[in-house]
$ cat final39.cif   # mmCIF, C-alpha atoms
data_start
loop_
_atom_site.group_PDB
_atom_site.id
_atom_site.type_symbol
_atom_site.label_atom_id
_atom_site.label_comp_id
_atom_site.auth_asym_id
_atom_site.auth_seq_id
_atom_site.Cartn_x
_atom_site.Cartn_y
_atom_site.Cartn_z
ATOM 1 C CA PRO A 160 4.356 -2.445 36.144
ATOM 2 C CA TYR A 161 1.395 -1.982 33.812
ATOM 3 C CA MET A 162 3.288 0.367 31.503
ATOM 4 C CA VAL A 163 6.367 -1.870 31.563
ATOM 5 C CA SER A 164 4.187 -4.754 30.429
ATOM 6 C CA ALA A 165 2.629 -2.518 27.774
ATOM 7 C CA PHE A 166 6.111 -1.563 26.559
ATOM 8 C CA PHE A 167 7.126 -5.196 26.128
ATOM 9 C CA LEU A 168 3.839 -6.025 24.396
ATOM 10 C CA ALA A 169 4.162 -3.027 22.076
ATOM 11 C CA SER A 170 7.799 -3.851 21.262
ATOM 12 C CA PHE A 171 6.991 -7.494 20.601
ATOM 13 C CA SER A 172 4.032 -6.527 18.416
ATOM 14 C CA PHE A 173 6.130 -3.967 16.523
ATOM 15 C CA VAL A 174 8.892 -6.448 15.688
ATOM 16 C CA LEU A 175 6.426 -9.130 14.636
ATOM 17 C CA GLY A 176 4.248 -6.817 12.552
ATOM 18 C CA ASN A 177 7.096 -5.014 10.813
ATOM 19 C CA TYR A 178 9.673 -7.738 10.222
ATOM 20 C CA VAL A 179 8.531 -11.273 11.091
ATOM 21 C CA ILE A 180 4.923 -11.668 9.962
ATOM 22 C CA PRO A 181 5.164 -10.101 6.440
ATOM 23 C CA PRO A 182 7.282 -12.928 4.931
ATOM 24 C CA ALA A 183 4.788 -15.436 6.328
ATOM 25 C CA ASN A 184 1.932 -13.394 4.861
ATOM 26 C CA GLU A 185 3.437 -13.832 1.402
ATOM 27 C CA THR A 186 3.113 -17.614 1.634
ATOM 28 C CA MET A 187 -0.412 -17.355 3.021
ATOM 29 C CA ASN A 188 -1.579 -14.889 0.351
ATOM 30 C CA LEU A 189 -0.102 -16.988 -2.460
ATOM 31 C CA PHE A 190 -1.866 -20.072 -1.104
ATOM 32 C CA ARG A 191 -5.135 -18.147 -0.920
ATOM 33 C CA GLN A 192 -4.725 -16.799 -4.441
ATOM 34 C CA PHE A 193 -3.866 -20.143 -6.044
ATOM 35 C CA TYR A 194 -5.992 -22.608 -4.089
ATOM 36 C CA ILE A 195 -8.866 -20.668 -2.516
ATOM 37 C CA ASP A 196 -9.513 -17.883 -5.026
ATOM 38 C CA ASN A 197 -8.323 -20.221 -7.826
ATOM 39 C CA ASN A 198 -6.863 -17.260 -9.675
ATOM 40 C CA PRO A 199 -3.088 -17.617 -10.165
ATOM 41 C CA GLN A 200 -2.797 -14.572 -12.422
ATOM 42 C CA VAL A 201 -4.798 -11.475 -11.646
ATOM 43 C CA VAL A 202 -4.217 -8.801 -14.259
ATOM 44 C CA SER A 203 -5.230 -5.244 -13.560
ATOM 45 C CA SER A 204 -8.547 -4.311 -15.139
ATOM 46 C CA GLU A 205 -7.369 -0.709 -15.246
ATOM 47 C CA ARG A 206 -7.762 1.033 -18.576
ATOM 48 C CA ASN A 207 -5.921 4.046 -19.933
ATOM 49 C CA ILE A 208 -2.844 3.261 -17.850
ATOM 50 C CA HIS A 209 -0.449 6.147 -17.241
ATOM 51 C CA ARG A 210 2.874 5.517 -15.491
ATOM 52 C CA GLN A 211 6.182 7.261 -14.913
ATOM 53 C CA ILE A 212 8.633 4.382 -15.203
ATOM 54 C CA GLU A 213 11.675 6.520 -14.418
ATOM 55 C CA PRO A 214 12.352 10.242 -13.990
ATOM 56 C CA GLY A 215 11.283 12.057 -17.135
ATOM 57 C CA VAL A 216 9.965 8.920 -18.878
ATOM 58 C CA PHE A 217 6.218 8.329 -19.090
ATOM 59 C CA ILE A 218 4.264 5.502 -20.698
ATOM 60 C CA TYR A 219 0.645 4.990 -21.649
ATOM 61 C CA MET A 220 -1.255 1.809 -22.482
ATOM 62 C CA GLN A 221 -4.924 1.459 -23.200
ATOM 63 C CA SER A 222 -4.881 -1.901 -21.396
ATOM 64 C CA ILE A 223 -2.761 -4.998 -20.746
ATOM 65 C CA ASN A 224 -3.958 -8.600 -20.792
ATOM 66 C CA ALA A 225 -2.990 -11.864 -19.095
ATOM 67 C CA ASN A 226 -0.645 -12.720 -21.981
ATOM 68 C CA ASN A 227 1.493 -9.673 -21.164
ATOM 69 C CA VAL A 228 0.385 -7.740 -24.235
ATOM 70 C CA GLY A 229 -0.323 -4.035 -23.873
ATOM 71 C CA TYR A 230 -2.348 -2.166 -26.468
ATOM 72 C CA ARG A 231 -1.941 1.314 -27.959
ATOM 73 C CA PHE A 232 1.386 1.905 -26.297
ATOM 74 C CA THR A 233 3.014 5.329 -26.036
ATOM 75 C CA LEU A 234 6.335 6.327 -24.477
ATOM 76 C CA GLU A 235 7.355 9.952 -23.948
ATOM 77 C CA LYS A 236 10.727 11.249 -22.764
ATOM 78 C CA PHE A 237 11.092 14.713 -21.296
ATOM 79 C CA ASP A 238 14.133 16.844 -20.593
ATOM 80 C CA ASP A 239 13.349 19.700 -18.190
ATOM 81 C CA SER A 240 9.637 19.453 -19.020
ATOM 82 C CA LYS A 241 10.404 19.555 -22.741
ATOM 83 C CA LEU A 242 9.355 16.620 -24.907
ATOM 84 C CA VAL A 243 12.426 15.205 -26.668
ATOM 85 C CA GLU A 244 11.233 11.785 -27.839
ATOM 86 C CA LYS A 245 7.953 9.998 -28.426
ATOM 87 C CA ILE A 246 7.377 6.373 -29.413
ATOM 88 C CA THR A 247 4.004 4.875 -30.259
ATOM 89 C CA ALA A 248 3.123 1.286 -31.140
ATOM 90 C CA ASP A 249 0.015 -0.723 -31.887
ATOM 91 C CA ASN A 250 0.949 -3.082 -29.072
ATOM 92 C CA ILE A 251 3.804 -4.042 -26.792
ATOM 93 C CA ARG A 252 4.574 -7.616 -25.739
ATOM 94 C CA TRP A 253 6.798 -8.973 -22.982
ATOM 95 C CA ASP A 254 9.389 -11.537 -24.076
ATOM 96 C CA GLU A 255 10.022 -13.767 -21.079
ATOM 97 C CA GLU A 256 13.126 -15.345 -22.583
ATOM 98 C CA SER A 257 15.030 -12.135 -23.304
ATOM 99 C CA GLY A 258 13.485 -10.032 -20.550
ATOM 100 C CA LYS A 259 12.685 -7.302 -23.059
ATOM 101 C CA TRP A 260 9.596 -5.666 -24.490
ATOM 102 C CA ILE A 261 8.725 -6.056 -28.166
ATOM 103 C CA LEU A 262 7.029 -3.127 -29.897
ATOM 104 C CA ASN A 263 4.974 -3.964 -32.974
ATOM 105 C CA ASN A 264 4.204 -1.438 -35.721
ATOM 106 C CA TRP A 265 6.085 1.327 -33.985
ATOM 107 C CA TRP A 266 6.664 4.955 -34.848
ATOM 108 C CA LYS A 267 9.355 7.153 -33.268
ATOM 109 C CA ARG A 268 9.656 10.915 -33.221
ATOM 110 C CA LYS A 269 12.783 12.694 -31.940
ATOM 111 C CA ILE A 270 12.582 16.413 -31.277
ATOM 112 C CA TYR A 271 15.605 18.697 -31.414
ATOM 113 C CA ASP A 272 15.880 22.461 -31.043
ATOM 114 C CA ASN A 273 15.583 23.192 -34.746
ATOM 115 C CA ARG A 274 14.476 19.930 -36.328
ATOM 116 C CA GLU A 275 12.656 16.636 -35.857
ATOM 117 C CA GLU A 276 13.456 13.078 -36.914
ATOM 118 C CA PHE A 277 10.960 10.332 -37.686
ATOM 119 C CA GLU A 278 11.426 6.578 -37.782
ATOM 120 C CA LYS A 279 9.061 3.659 -38.082
ATOM 121 C CA GLY A 280 9.229 -0.103 -38.236
ATOM 122 C CA TYR A 281 7.397 -3.363 -37.691
ATOM 123 C CA ARG A 282 9.290 -4.650 -34.664
ATOM 124 C CA MET A 283 11.585 -3.210 -32.019
ATOM 125 C CA ASP A 284 13.111 -5.002 -29.036
ATOM 126 C CA THR A 285 13.697 -2.607 -26.179
ATOM 127 C CA THR A 286 14.431 -2.551 -22.465
ATOM 128 C CA LEU A 287 12.065 -0.577 -20.253
ATOM 129 C CA ASN A 288 12.097 -0.007 -16.520
ATOM 130 C CA MET A 289 8.949 -2.072 -15.991
ATOM 131 C CA THR A 290 7.783 -5.690 -16.051
ATOM 132 C CA PRO A 291 4.363 -7.351 -16.383
ATOM 133 C CA ASP A 292 4.368 -7.867 -12.608
ATOM 134 C CA ASP A 293 3.925 -4.105 -12.243
ATOM 135 C CA TYR A 294 0.462 -4.491 -13.753
ATOM 136 C CA ARG A 295 -0.674 -7.579 -11.884
ATOM 137 C CA VAL A 296 -2.981 -7.202 -8.928
ATOM 138 C CA VAL A 297 -2.048 -9.322 -5.916
ATOM 139 C CA LYS A 298 -4.625 -9.179 -3.170
ATOM 140 C CA ASN A 299 -3.220 -7.697 0.047
ATOM 141 C CA GLU A 300 0.237 -7.521 -1.537
ATOM 142 C CA MET A 301 1.295 -4.741 0.837
ATOM 143 C CA GLU A 302 1.111 -7.236 3.714
ATOM 144 C CA ASN A 303 3.955 -9.254 2.179
ATOM 145 C CA TYR A 304 6.643 -6.590 2.600
ATOM 146 C CA THR A 305 8.702 -5.822 5.663
ATOM 147 C CA THR A 306 8.505 -2.161 6.616
ATOM 148 C CA PRO A 307 11.795 -1.099 4.928
ATOM 149 C CA GLU A 308 10.683 -2.909 1.760
ATOM 150 C CA LEU A 309 7.244 -1.342 2.046
ATOM 151 C CA LYS A 310 8.713 2.163 2.227
ATOM 152 C CA ARG A 311 10.850 1.550 -0.859
ATOM 153 C CA GLU A 312 7.869 0.159 -2.759
ATOM 154 C CA ILE A 313 5.698 3.154 -1.831
ATOM 155 C CA LYS A 314 8.414 5.538 -3.020
ATOM 156 C CA LEU A 315 8.684 3.668 -6.321
ATOM 157 C CA MET A 316 4.916 3.583 -6.784
ATOM 158 C CA LYS A 317 4.647 7.322 -6.167
ATOM 159 C CA MET A 318 7.305 7.940 -8.785
ATOM 160 C CA ARG A 319 5.254 5.862 -11.225
ATOM 161 C CA GLY A 320 2.046 7.683 -10.368
ATOM 162 C CA VAL A 321 0.322 4.682 -8.778
ATOM 163 C CA ASN A 322 -2.248 5.098 -6.002
ATOM 164 C CA THR A 323 -0.496 4.231 -2.718
ATOM 165 C CA VAL A 324 -3.267 4.925 -0.188
ATOM 166 C CA GLU A 325 -3.773 1.319 0.916
ATOM 167 C CA TRP A 326 -0.015 0.797 1.102
ATOM 168 C CA GLU A 327 0.440 3.888 3.280
ATOM 169 C CA ILE A 328 -2.411 2.775 5.526
ATOM 170 C CA GLU A 329 -0.574 -0.504 6.062
ATOM 171 C CA ARG A 330 2.688 1.327 6.838
ATOM 172 C CA HIS A 331 1.133 3.648 9.426
ATOM 173 C CA ARG A 332 -0.960 0.849 10.928
ATOM 174 C CA ARG A 333 2.211 -1.063 11.798
ATOM 175 C CA VAL A 334 3.198 1.767 14.136
ATOM 176 C CA ALA A 335 -0.228 2.812 15.383
ATOM 177 C CA GLY A 336 -1.202 -0.753 16.289
ATOM 178 C CA PRO A 337 1.620 -1.402 18.780
ATOM 179 C CA PHE A 338 1.207 2.109 20.223
ATOM 180 C CA SER A 339 -2.395 1.289 21.114
ATOM 181 C CA ALA A 340 -1.063 -1.147 23.734
ATOM 182 C CA PHE A 341 -0.171 1.819 25.958
ATOM 183 C CA ILE A 342 -3.587 3.445 25.536
ATOM 184 C CA LEU A 343 -5.594 0.291 26.175
ATOM 185 C CA THR A 344 -3.382 -0.588 29.147
ATOM 186 C CA ILE A 345 -4.091 2.774 30.784
ATOM 187 C CA ILE A 346 -7.815 2.311 30.198
ATOM 188 C CA GLY A 347 -7.762 -1.253 31.517
ATOM 189 C CA ALA A 348 -5.689 -0.385 34.582
ATOM 190 C CA GLY A 349 -7.929 2.578 35.353
ATOM 191 C CA LEU A 350 -11.097 0.508 35.154
ATOM 192 C CA ALA A 351 -9.638 -2.295 37.260
ATOM 193 C CA SER A 352 -8.393 0.036 39.992
ATOM 194 C CA ARG A 353 -11.832 1.306 40.975
ATOM 195 C CA LYS A 354 -14.347 -0.835 42.785
ATOM 196 C CA ILE A 355 -17.777 0.068 41.533
ATOM 197 C CA LYS A 356 -21.209 -1.454 41.592
ATOM 198 C CA GLY A 357 -21.386 -4.376 39.208
ATOM 199 C CA GLY A 358 -18.122 -5.972 40.291
ATOM 200 C CA LEU A 359 -15.597 -7.721 38.077
ATOM 201 C CA GLY A 360 -18.144 -8.560 35.396
ATOM 202 C CA PHE A 361 -18.844 -4.892 34.753
ATOM 203 C CA HIS A 362 -15.117 -4.147 34.435
ATOM 204 C CA LEU A 363 -14.609 -6.986 31.975
ATOM 205 C CA GLY A 364 -17.662 -6.043 29.951
ATOM 206 C CA LEU A 365 -16.690 -2.392 29.719
ATOM 207 C CA GLY A 366 -13.103 -3.284 28.850
ATOM 208 C CA LEU A 367 -14.209 -5.618 26.056
ATOM 209 C CA LEU A 368 -16.645 -3.006 24.773
ATOM 210 C CA LEU A 369 -13.907 -0.378 24.569
ATOM 211 C CA SER A 370 -11.484 -2.817 22.905
ATOM 212 C CA PHE A 371 -13.956 -3.901 20.239
ATOM 213 C CA SER A 372 -15.087 -0.329 19.650
ATOM 214 C CA TYR A 373 -11.432 0.643 19.134
ATOM 215 C CA ILE A 374 -11.027 -2.041 16.456
ATOM 216 C CA LEU A 375 -14.285 -0.954 14.808
ATOM 217 C CA PHE A 376 -13.204 2.687 14.921
ATOM 218 C CA MET A 377 -9.894 1.730 13.276
ATOM 219 C CA GLN A 378 -11.697 -0.023 10.414
ATOM 220 C CA ILE A 379 -14.120 2.851 9.873
ATOM 221 C CA SER A 380 -11.427 5.532 9.917
ATOM 222 C CA THR A 381 -9.338 3.782 7.250
ATOM 223 C CA VAL A 382 -12.344 3.821 4.920
ATOM 224 C CA PHE A 383 -12.106 7.615 4.852
ATOM 225 C CA ALA A 384 -8.493 7.368 3.680
ATOM 226 C CA VAL A 385 -9.324 4.835 0.958
ATOM 227 C CA SER A 386 -12.149 7.050 -0.289
ATOM 228 C CA GLY A 387 -9.749 9.997 -0.422
ATOM 229 C CA ASN A 388 -11.456 12.093 2.233
ATOM 230 C CA THR A 389 -8.446 12.199 4.544
ATOM 231 C CA SER A 390 -4.765 11.296 4.575
ATOM 232 C CA PRO A 391 -3.690 7.752 5.556
ATOM 233 C CA LEU A 392 -1.627 9.092 8.471
ATOM 234 C CA VAL A 393 -4.567 10.955 10.000
ATOM 235 C CA ALA A 394 -7.023 8.130 9.317
ATOM 236 C CA VAL A 395 -4.863 5.510 11.034
ATOM 237 C CA TRP A 396 -4.024 7.659 14.063
ATOM 238 C CA ILE A 397 -7.522 9.070 14.705
ATOM 239 C CA PRO A 398 -8.544 6.053 16.855
ATOM 240 C CA ASN A 399 -5.390 6.384 18.966
ATOM 241 C CA LEU A 400 -5.978 10.098 19.450
ATOM 242 C CA GLY A 401 -9.620 9.568 20.352
ATOM 243 C CA TYR A 402 -8.903 6.777 22.796
ATOM 244 C CA SER A 403 -6.024 8.740 24.297
ATOM 245 C CA VAL A 404 -8.639 11.252 25.426
ATOM 246 C CA ILE A 405 -10.722 8.418 26.895
ATOM 247 C CA ALA A 406 -7.614 7.028 28.622
ATOM 248 C CA PHE A 407 -6.892 10.456 30.117
ATOM 249 C CA PHE A 408 -10.357 10.763 31.660
ATOM 250 C CA VAL A 409 -10.326 7.155 32.871
ATOM 251 C CA PHE A 410 -6.959 7.791 34.528
ATOM 252 C CA ARG A 411 -8.267 10.963 36.182
ATOM 253 C CA TRP A 412 -11.377 9.114 37.333
ATOM 254 C CA ALA A 413 -9.318 6.236 38.755
ATOM 255 C CA ALA A 414 -6.959 8.612 40.585
ATOM 256 C CA ARG A 415 -9.745 10.126 42.679
#
$ encode --input "final39.cif" --output "structure tokens"
Amino acid sequence: PYMVSAFFLASFSFVLGNYVIPPANETMNLFRQFYIDNNPQVVSSERNIHRQIEPGVFIYMQSINANNVGYRFTLEKFDDSKLVEKITADNIRWDEESGKWILNNWWKRKIYDNREEFEKGYRMDTTLNMTPDDYRVVKNEMENYTTPELKREIKLMKMRGVNTVEWEIERHRRVAGPFSAFILTIIGAGLASRKIKGGLGFHLGLGLLLSFSYILFMQISTVFAVSGNTSPLVAVWIPNLGYSVIAFFVFRWAAR
């Protein structure tokens, strides 16, 4: 009966954490950003931005500001690792009305097998596979996506060359969290099944200690992934692996 209860708890937690809670998180995070942090637009402070916006197409910007203007823009197109086109501009500006980017003081170089072509101009309207939202920082944005959406976003971010560690931690945590219900249930059932000196209070105290230490262990292990010392998958599952060992010994101890 304990494991059946754990299964229902884990299933309920999995559905909530992967599909139900994320849309609600979006509303909560927007409220926090606008009314608590009082910062409706958070633009990335990243400098020397390099992105792959689609296969074989790379862009560079020195920086981008809150007015959707990027400085010292460069676009390079490759065909089988061979540079075939390069565009540079003093700046690039997003036109909200047309949904296009405007390049100012641009210079284009096209490279062929036996020749090159050069063009330049003061203004060029162009469509690029990116928007200003790609360069805005939304706190805890990964919490707003359901798991299928999260996987698609991670894949897109990897293609663009964006750091996805925190996003992958969130993805793995949504599976590891519900799974912990089985581990903690085994530990709790094992502790409760043995009558030892100290009575019920000792059981409750030890159970709470193990539960809180599990949460603390989870937080500490994810720090290693964020710092780049270990992979997100390993970092998220280390607490479950460690407490699985504890659950095994508690079960053996209770079975005596």
$ closest_residue --input "final39.cif" --among "A:Ile397, A:Val409, A:Val179, A:Met318" --to "Thr344 of chain A" --atoms "all atoms listed in the file"
A:Val409
$ closest_residue --input "final39.cif" --among "A:Trp265, A:Ala348, A:Glu308, A:Lys259" --to "Thr286 of chain A" --atoms "only C-alpha atoms"
A:Lys259
$ closest_residue --input "final39.cif" --among "A:Asn226, A:Pro214, A:Tyr402, A:Glu325" --to "Phe383 of chain A" --atoms "all atoms listed in the file"
A:Glu325
$ closest_residue --input "final39.cif" --among "A:Lys310, A:His331, A:Arg411, A:Arg191" --to "Asn399 of chain A" --atoms "all atoms listed in the file"
A:His331
$ atom_distance --input "final39.cif" --atom1 "atom CA of Phe408 of chain A" --atom2 "atom CA of Leu367 of chain A"
17.7 Å
$ atom_distance --input "final39.cif" --atom1 "atom CA of Leu392 of chain A" --atom2 "atom CA of Pro182 of chain A"
24.0 Å
$ closest_residue --input "final39.cif" --among "A:Leu375, A:Asn250, A:Phe167, A:Leu315" --to "Asp293 of chain A" --atoms "all atoms listed in the file"
A:Leu315
$ residues_around --input "final39.cif" --residues "Glu276 of chain A" --least-positions-apart "6" --cutoff "10 Å" --atoms "only C-alpha atoms" --output "VMD selection string"
chain A and resid 244 267 to 270
$ write_last_selection --input "final39.cif" --atoms "C-alpha atoms" --output "PDB file, in the frame of the given file"
ATOM      1  CA  GLU A 244      11.233  11.785 -27.839  1.00  0.00           C
ATOM      2  CA  LYS A 267       9.355   7.153 -33.268  1.00  0.00           C
ATOM      3  CA  ARG A 268       9.656  10.915 -33.221  1.00  0.00           C
ATOM      4  CA  LYS A 269      12.783  12.694 -31.940  1.00  0.00           C
ATOM      5  CA  ILE A 270      12.582  16.413 -31.277  1.00  0.00           C
TER       6      ILE A 270
END
$ residues_near_point --input "final39.cif" --point "(7.4, 18.7, -24.1)" --cutoff "12 Å" --atoms "all atoms listed in the file" --output "PDB file with C-alpha atoms, in the coordinates of the input"
ATOM      1  CA  GLY A 215      11.283  12.057 -17.135  1.00  0.00           C
ATOM      2  CA  VAL A 216       9.965   8.920 -18.878  1.00  0.00           C
ATOM      3  CA  PHE A 217       6.218   8.329 -19.090  1.00  0.00           C
ATOM      4  CA  GLU A 235       7.355   9.952 -23.948  1.00  0.00           C
ATOM      5  CA  LYS A 236      10.727  11.249 -22.764  1.00  0.00           C
ATOM      6  CA  PHE A 237      11.092  14.713 -21.296  1.00  0.00           C
ATOM      7  CA  ASP A 238      14.133  16.844 -20.593  1.00  0.00           C
ATOM      8  CA  ASP A 239      13.349  19.700 -18.190  1.00  0.00           C
ATOM      9  CA  SER A 240       9.637  19.453 -19.020  1.00  0.00           C
ATOM     10  CA  LYS A 241      10.404  19.555 -22.741  1.00  0.00           C
ATOM     11  CA  LEU A 242       9.355  16.620 -24.907  1.00  0.00           C
ATOM     12  CA  VAL A 243      12.426  15.205 -26.668  1.00  0.00           C
ATOM     13  CA  GLU A 244      11.233  11.785 -27.839  1.00  0.00           C
ATOM     14  CA  LYS A 245       7.953   9.998 -28.426  1.00  0.00           C
ATOM     15  CA  LYS A 269      12.783  12.694 -31.940  1.00  0.00           C
ATOM     16  CA  ILE A 270      12.582  16.413 -31.277  1.00  0.00           C
ATOM     17  CA  TYR A 271      15.605  18.697 -31.414  1.00  0.00           C
ATOM     18  CA  ASP A 272      15.880  22.461 -31.043  1.00  0.00           C
TER      19      ASP A 272
END
$ closest_residue --input "final39.cif" --among "A:Glu255, A:Val382, A:Lys298, A:Leu343" --to "Val404 of chain A" --atoms "all atoms listed in the file"
A:Leu343
$ residues_near_point --input "final39.cif" --point "(1.4, 5.8, -27.4)" --cutoff "7 Å" --atoms "all atoms listed in the file" --output "PyMOL selection string"
chain A and resi 219-220+231-234+246-248
$ atom_distance --input "final39.cif" --atom1 "atom CA of Gly387 of chain A" --atom2 "atom CA of Gln211 of chain A"
21.7 Å
$ resolve_selection --input "final39.cif" --expression "the PyMOL selection byres ((chain A and resi 264) around 8)" --output "VMD selection string"
chain A and resid 248 to 250 262 to 263 265 to 266 279 to 282
$ resolve_selection --input "final39.cif" --expression "the PyMOL selection byres ((chain A and resi 176) around 12)" --output "ChimeraX atom specification"
/A:168-175,177-184,302-306,329-337
$ residues_around --input "final39.cif" --residues "Phe407 of chain A" --least-positions-apart "4" --cutoff "10 Å" --atoms "all atoms listed in the file" --output "number ranges by chain"
A: 342, 345-346, 349, 402-403, 411-413
$ residues_around --input "final39.cif" --residues "Ile223 of chain A" --least-positions-apart "2" --cutoff "12 Å" --atoms "all atoms listed in the file" --output "ChimeraX atom specification"
/A:201-209,219-221,225-232,250-253,290-295
$ axis_aligned_box --input "final39.cif" --around "segment 290-295 of chain A" --padding-each-side "4 Å" --output "AutoDock Vina command-line options"
--center_x 3.6 --center_y -6.0 --center_z -14.1 --size_x 16.5 --size_y 11.8 --size_z 12.5
